[in-house]
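Reviewing the structure listed below.
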Amino acid sequence: MSTNSISFVSLGLVVLDEIRFSNKTPLRDVVGGSGVYATLGARLFLPAELSSSLGLVLRTGNDFPSKTRDLLESWGFTLVVERDTDKPSTRGLLEYKDITFGPKTFRYTTTPLQVPIGSLKGTPLLASESFHFLEIPDSITNRVSELLDLRELGGVAKRPIIIWEPSPLACNAENLQACIDAARVGDVISPNHIELALLFGERSLFPLDQMKIESLAQRFLDSGVGPEGKGIVVIRAGENGCLVAARNISFTWLPPFYGPGAAGERDAKVVDATGAGNAFLGAFGVGYVKTGDAIEAACYGAVAASLALEQVGMPEKSVNASEELWNFESVLSRLRRYRRRIGLPEMQV
């Protein structure tokens with residue numbers, strides 16, 4: 001991985017959220033969206049000297065706050081900005097039903113500004129080694145085809161790693177076959193365990209049924225994930241960790257960085273899980289590009305998710321001597337602690 005090549009690009013949304021709480025003052029213009037959180041997850045493992053190998057298309061409307069753009073630019077990645085002067089930026093309303101950051105609802109309050117594949121033309125982002133999409137099944141098939149065609153026209157011969165996060169809106173039994181078919185165009189498919197259950201018409205997987213989740217993941221593997229059937233299924237299961245599986249990988253469960261605390265209660269450092277799954281996949285993408293190992297990549301993902309959920313919005317970046325810190329901690333130190341805890345051997349990361 002070098003500073004003059006792009007390793008990861010998310011084509012998800014950049015959303016300005018209004019967050020409403022019970023009996024608290026609302027927060028406004030909180031930057032989020034699948035694109036930003038996935039980019040965050042990747043950025044955590046690309047320190048300052050490598051940050052330019054991370055790309056993002058920032059499609060804004062006529063009301064995008066300059067301080068938010070300044071925040072994203074401070075991360076140091078290769079940024080392509082497209083401004084729609086006649087439209088508002090993508091905005092959403094996130095409402096929590098109580099004070100525990102538990103039950104919540106979300107809706108867009110403006111028309112989302114999707115990132116067209118054509119935005120990559122003539123930019124270094126087109127040649128990225130990996131791409132993250134959050135799409136419905138018909139859309140992912142068309143957008144990946146368009147991306148590959150554009151890369152061919154641009155002289156980029158190597159196929160990128162495609163990470164598909166199925167849109168929650170499409171995760172229902174009516175779309176099961178479409179999702180199974182679409183899984184063949186990507187290299188990684190990653191619904192969460194609730195979305196997986198809904199796809200297969202299961203009303204509930206609670207208490208968490210690992211064997212049931214494995215059997216549903218196997219359905220995807222049997223039908224083929226990736227163009228040659230060599231792809232990876234990653235089921236994100238929140239406080240229960242994640243399942244990683246492929247035809248050449250036995251079912252492997254990894255715990256979350258923060259598990260249940262005393263008496264089964266949530267760890268006190270877990271504030272808000274919004275965006276943690278997207279951050280997981282961004283870090284997974286960078287980890288897989290770097291190591292070629294899905295289990296190692298999932299370790300990156302677990303650590304990234306832990307940093308996403310320690311606050312509302314983005315973690316805080318700072319520098320101590322020559323080392324970059326996020327929430328006042330070294331990300332690589334956190335990764336080493338996590339790997340030791342789950343019994344993986346020491347390694348250079």
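All residue names refer to the structure tokens as shown: chains lettered A, B, ... in order, residues numbered from 1 in each chain, ligands numbered from 1 in order.
Every protein, DNA or RNA residue with an atom at most 9 Å from Phe64 of chain A, where only C-alpha atoms count and chain neighbours fewer than 2 positions away do not, is listed here: Leu16, Asp29, Thr60, Gly61, Asn62, Ser66, Lys67, Thr68, Arg69, Arg83, Pro88, Ser89 and Thr90 of chain A.
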Selected residues written out with N, CA and C atoms, as a compact mmCIF listing (two decimals), in the first residue's frame:
# COMPACT_ATOMS: atom_id res chain seq x y z
N LEU A 16 -26.14 14.70 6.73
CA LEU A 16 -26.16 15.62 7.86
C LEU A 16 -27.39 15.29 8.71
N ASP A 29 -26.77 19.05 12.29
CA ASP A 29 -25.63 18.98 11.38
C ASP A 29 -24.55 18.03 11.87
N THR A 60 -22.31 17.28 -2.12
CA THR A 60 -23.02 18.16 -1.21
C THR A 60 -24.06 18.98 -1.95
N GLY A 61 -24.96 19.54 -1.15
CA GLY A 61 -25.92 20.50 -1.69
C GLY A 61 -25.44 21.92 -1.45
N ASN A 62 -26.38 22.85 -1.50
CA ASN A 62 -26.01 24.26 -1.37
C ASN A 62 -25.95 24.73 0.09
N SER A 66 -19.37 24.53 6.19
CA SER A 66 -17.94 24.57 5.92
C SER A 66 -17.15 23.87 7.02
N LYS A 67 -17.63 23.93 8.27
CA LYS A 67 -16.91 23.28 9.36
C LYS A 67 -16.92 21.76 9.21
N THR A 68 -17.99 21.23 8.61
CA THR A 68 -18.05 19.78 8.39
C THR A 68 -17.10 19.37 7.28
N ARG A 69 -17.05 20.17 6.22
CA ARG A 69 -16.07 19.89 5.17
C ARG A 69 -14.65 20.00 5.72
N ARG A 83 -20.59 19.62 -5.87
CA ARG A 83 -21.57 20.46 -5.19
C ARG A 83 -22.76 20.72 -6.11
N PRO A 88 -30.58 20.88 -1.75
CA PRO A 88 -30.06 20.80 -0.38
C PRO A 88 -29.20 19.55 -0.23
N SER A 89 -28.33 19.57 0.77
CA SER A 89 -27.52 18.41 1.08
C SER A 89 -28.41 17.27 1.60
N THR A 90 -27.86 16.06 1.61
CA THR A 90 -28.60 14.92 2.15
C THR A 90 -28.73 15.09 3.66
Q: With a distance cut-off of 12 Å and only C-alpha atoms, select the neighbouring residues of Met314 of chain A, excluding the residue or stretch itself and same-chain residues fewer than 2 positions from it, and output the selection as JSON, numbers by chain.
A: {"A": [30, 31, 32, 33, 36, 37, 38, 39, 40, 41, 43, 44, 68, 71, 72, 75, 271, 272, 273, 274, 275, 276, 279, 304, 305, 306, 307, 308, 309, 310, 311, 312, 316, 317, 326, 327]}
Q. What is the distance, in Å and to one decimal place, between atom CA of Ala237 of chain A and atom CA of His193 of chain A?
A. 5.2 Å
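All residues of protein, DNA or RNA that reach within 8 Å of Ala42 of chain A, judged by only C-alpha atoms and not counting those fewer than 5 positions away in the chain, are Phe8, Leu54, Ala279, Gly282, Ala283, Phe284, Gly285 and Val286 of chain A.
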Q. Pick the closest to Met211 of chain A from A:Ala170, A:Ile232, A:Leu243, A:Leu50: which is it, counting only C-alpha atoms?
A. A:Leu243
Per residue of segment 220-292 of chain A within 12 Å of segment 174-189 of chain A, which atom pair is closest and at what distance in Å (one decimal), using only C-alpha atoms, listed by chain and increasing number, as a tab-separated table?
residue	atom	partner	partner_atom	distance
A:Phe220	CA	A:Ile180	CA	6.1
A:Leu221	CA	A:Ile180	CA	9.2
A:Asp222	CA	A:Ile180	CA	9.8
A:Ser223	CA	A:Ile180	CA	6.8
A:Gly224	CA	A:Arg184	CA	5.9
A:Val225	CA	A:Arg184	CA	4.6
A:Gly226	CA	A:Arg184	CA	4.2
A:Pro227	CA	A:Arg184	CA	5.2
A:Glu228	CA	A:Arg184	CA	7.8
A:Gly229	CA	A:Arg184	CA	7.1
A:Lys230	CA	A:Asp187	CA	7.5
A:Gly231	CA	A:Asp187	CA	4.5
A:Ile232	CA	A:Val188	CA	4.7
A:Val233	CA	A:Ile189	CA	5.2
A:Val234	CA	A:Ile189	CA	6.3
A:Ile235	CA	A:Ile189	CA	8.3
A:Arg236	CA	A:Ile189	CA	10.5
A:Leu243	CA	A:Ile189	CA	11.7
A:Val244	CA	A:Val188	CA	10.1
A:Ala245	CA	A:Val188	CA	10.0
A:Ala246	CA	A:Val188	CA	9.5
A:Leu281	CA	A:Val188	CA	9.6
A:Gly282	CA	A:Val188	CA	11.9
A:Phe284	CA	A:Val188	CA	9.9
A:Gly285	CA	A:Val188	CA	9.3
A:Tyr288	CA	A:Val188	CA	10.4
Q) Can you tell me, as a ChimeraX atom specification, what residues are no more than 10 Å from Glu346 of chain A when counting only C-alpha atoms, ignoring any on the same chain fewer than 3 positions away? A) /A:336-337,339-340,343,349
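For the set A:Asp86, A:Glu95, A:Glu239, A:Asp63, the residue with the smallest atom-to-atom gap to Gly259 of chain A is A:Glu239, counting only C-alpha atoms.
Between atom CA of Gly238 of chain A and atom CA of Ser250 of chain A lies a distance of 20.7 Å.
Comparing A:Ile140, A:Leu93, A:Val15, A:Ile161 by their smallest distance to Lys290 of chain A, the closest is A:Ile161 (using only C-alpha atoms).
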Write out as a PDB file with C-alpha atoms, in the first residue's frame each polymer residue whose atoms come within 8 Å of Ala173 of chain A, counting only C-alpha atoms; drop sequence neighbours fewer than 2 positions from it.
ATOM      1  CA  CYS A 171     -33.810  -7.006   3.470  1.00  0.00           C
ATOM      2  CA  ASN A 175     -35.878  -9.836  -2.135  1.00  0.00           C
ATOM      3  CA  LEU A 176     -34.129 -13.033  -1.038  1.00  0.00           C
ATOM      4  CA  LEU A 198     -35.581 -10.800   7.604  1.00  0.00           C
ATOM      5  CA  LEU A 199     -34.209 -11.915   4.221  1.00  0.00           C
ATOM      6  CA  PHE A 200     -34.991 -15.525   5.026  1.00  0.00           C
ATOM      7  CA  GLY A 201     -38.384 -14.771   6.541  1.00  0.00           C
TER       8      GLY A 201
END
Q: Check the DSSP output for the backbone and give back, as a ChimeraX atom specification, the residues of segment 59-276 of chain A in strand (DSSP E or B).
A: /A:59-60,78-83,91-96,104-108,130-135,161-166,188-189,192,232-236,242-246,249-254,260,266
Keeping only C-alpha atoms, write the selected residues to a file as a tab-separated table (two decimals), in the first residue's frame.
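Contents of again.tsv, freshly written:
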chain	number	residue	atom	x	y	z
A	59	ARG	CA	-21.48	15.16	-2.92
A	60	THR	CA	-23.02	18.16	-1.21
A	78	THR	CA	-8.09	12.16	-1.33
A	79	LEU	CA	-11.35	14.08	-1.54
A	80	VAL	CA	-13.44	14.62	-4.67
A	81	VAL	CA	-16.10	17.29	-4.06
A	82	GLU	CA	-19.25	17.63	-6.17
A	83	ARG	CA	-21.57	20.46	-5.19
A	91	ARG	CA	-30.22	15.31	5.55
A	92	GLY	CA	-31.81	12.88	7.97
A	93	LEU	CA	-33.72	12.86	11.25
A	94	LEU	CA	-32.61	10.35	13.89
A	95	GLU	CA	-34.96	10.15	16.87
A	96	TYR	CA	-34.20	8.20	20.05
A	104	LYS	CA	-34.70	4.79	17.45
A	105	THR	CA	-36.18	5.77	14.13
A	106	PHE	CA	-34.57	7.33	11.08
A	107	ARG	CA	-35.87	9.02	7.97
A	108	TYR	CA	-34.41	11.23	5.26
A	130	SER	CA	-11.51	-1.84	-2.91
A	131	PHE	CA	-14.98	-0.28	-2.93
A	132	HIS	CA	-17.81	-0.26	-0.38
A	133	PHE	CA	-21.44	-0.04	-1.48
A	134	LEU	CA	-24.69	0.13	0.48
A	135	GLU	CA	-27.31	-0.76	-2.15
A	161	ILE	CA	-12.52	-5.96	-4.05
A	162	ILE	CA	-16.25	-5.21	-3.89
A	163	ILE	CA	-17.81	-5.03	-0.43
A	164	TRP	CA	-21.60	-5.05	-0.53
A	165	GLU	CA	-23.66	-3.98	2.46
A	166	PRO	CA	-27.27	-4.75	1.49
A	188	VAL	CA	-17.90	-9.65	0.32
A	189	ILE	CA	-21.55	-9.57	1.34
A	192	ASN	CA	-26.25	-7.75	9.96
A	232	ILE	CA	-16.74	-13.99	1.82
A	233	VAL	CA	-19.86	-13.73	3.97
A	234	VAL	CA	-19.56	-11.49	7.02
A	235	ILE	CA	-22.58	-11.38	9.33
A	236	ARG	CA	-22.33	-8.47	11.76
A	242	CYS	CA	-19.47	-11.28	13.85
A	243	LEU	CA	-19.40	-14.44	11.76
A	244	VAL	CA	-16.86	-14.80	8.94
A	245	ALA	CA	-17.29	-17.57	6.40
A	246	ALA	CA	-16.15	-18.57	2.93
A	249	ILE	CA	-12.78	-20.64	5.69
A	250	SER	CA	-14.65	-22.59	8.33
A	251	PHE	CA	-17.31	-20.69	10.23
A	252	THR	CA	-15.44	-18.34	12.55
A	253	TRP	CA	-17.09	-16.23	15.25
A	254	LEU	CA	-15.19	-13.23	16.55
A	260	PRO	CA	-21.68	-7.31	27.68
A	266	ARG	CA	-23.81	-3.10	28.09
Q: Go through A:Ile136, A:Ala298, A:Leu56, A:Leu208 one by one, measure the shortest atom-to-atom distance of each to Glu73 of chain A using only C-alpha atoms, and give the residue with the smallest value.
A: A:Leu56
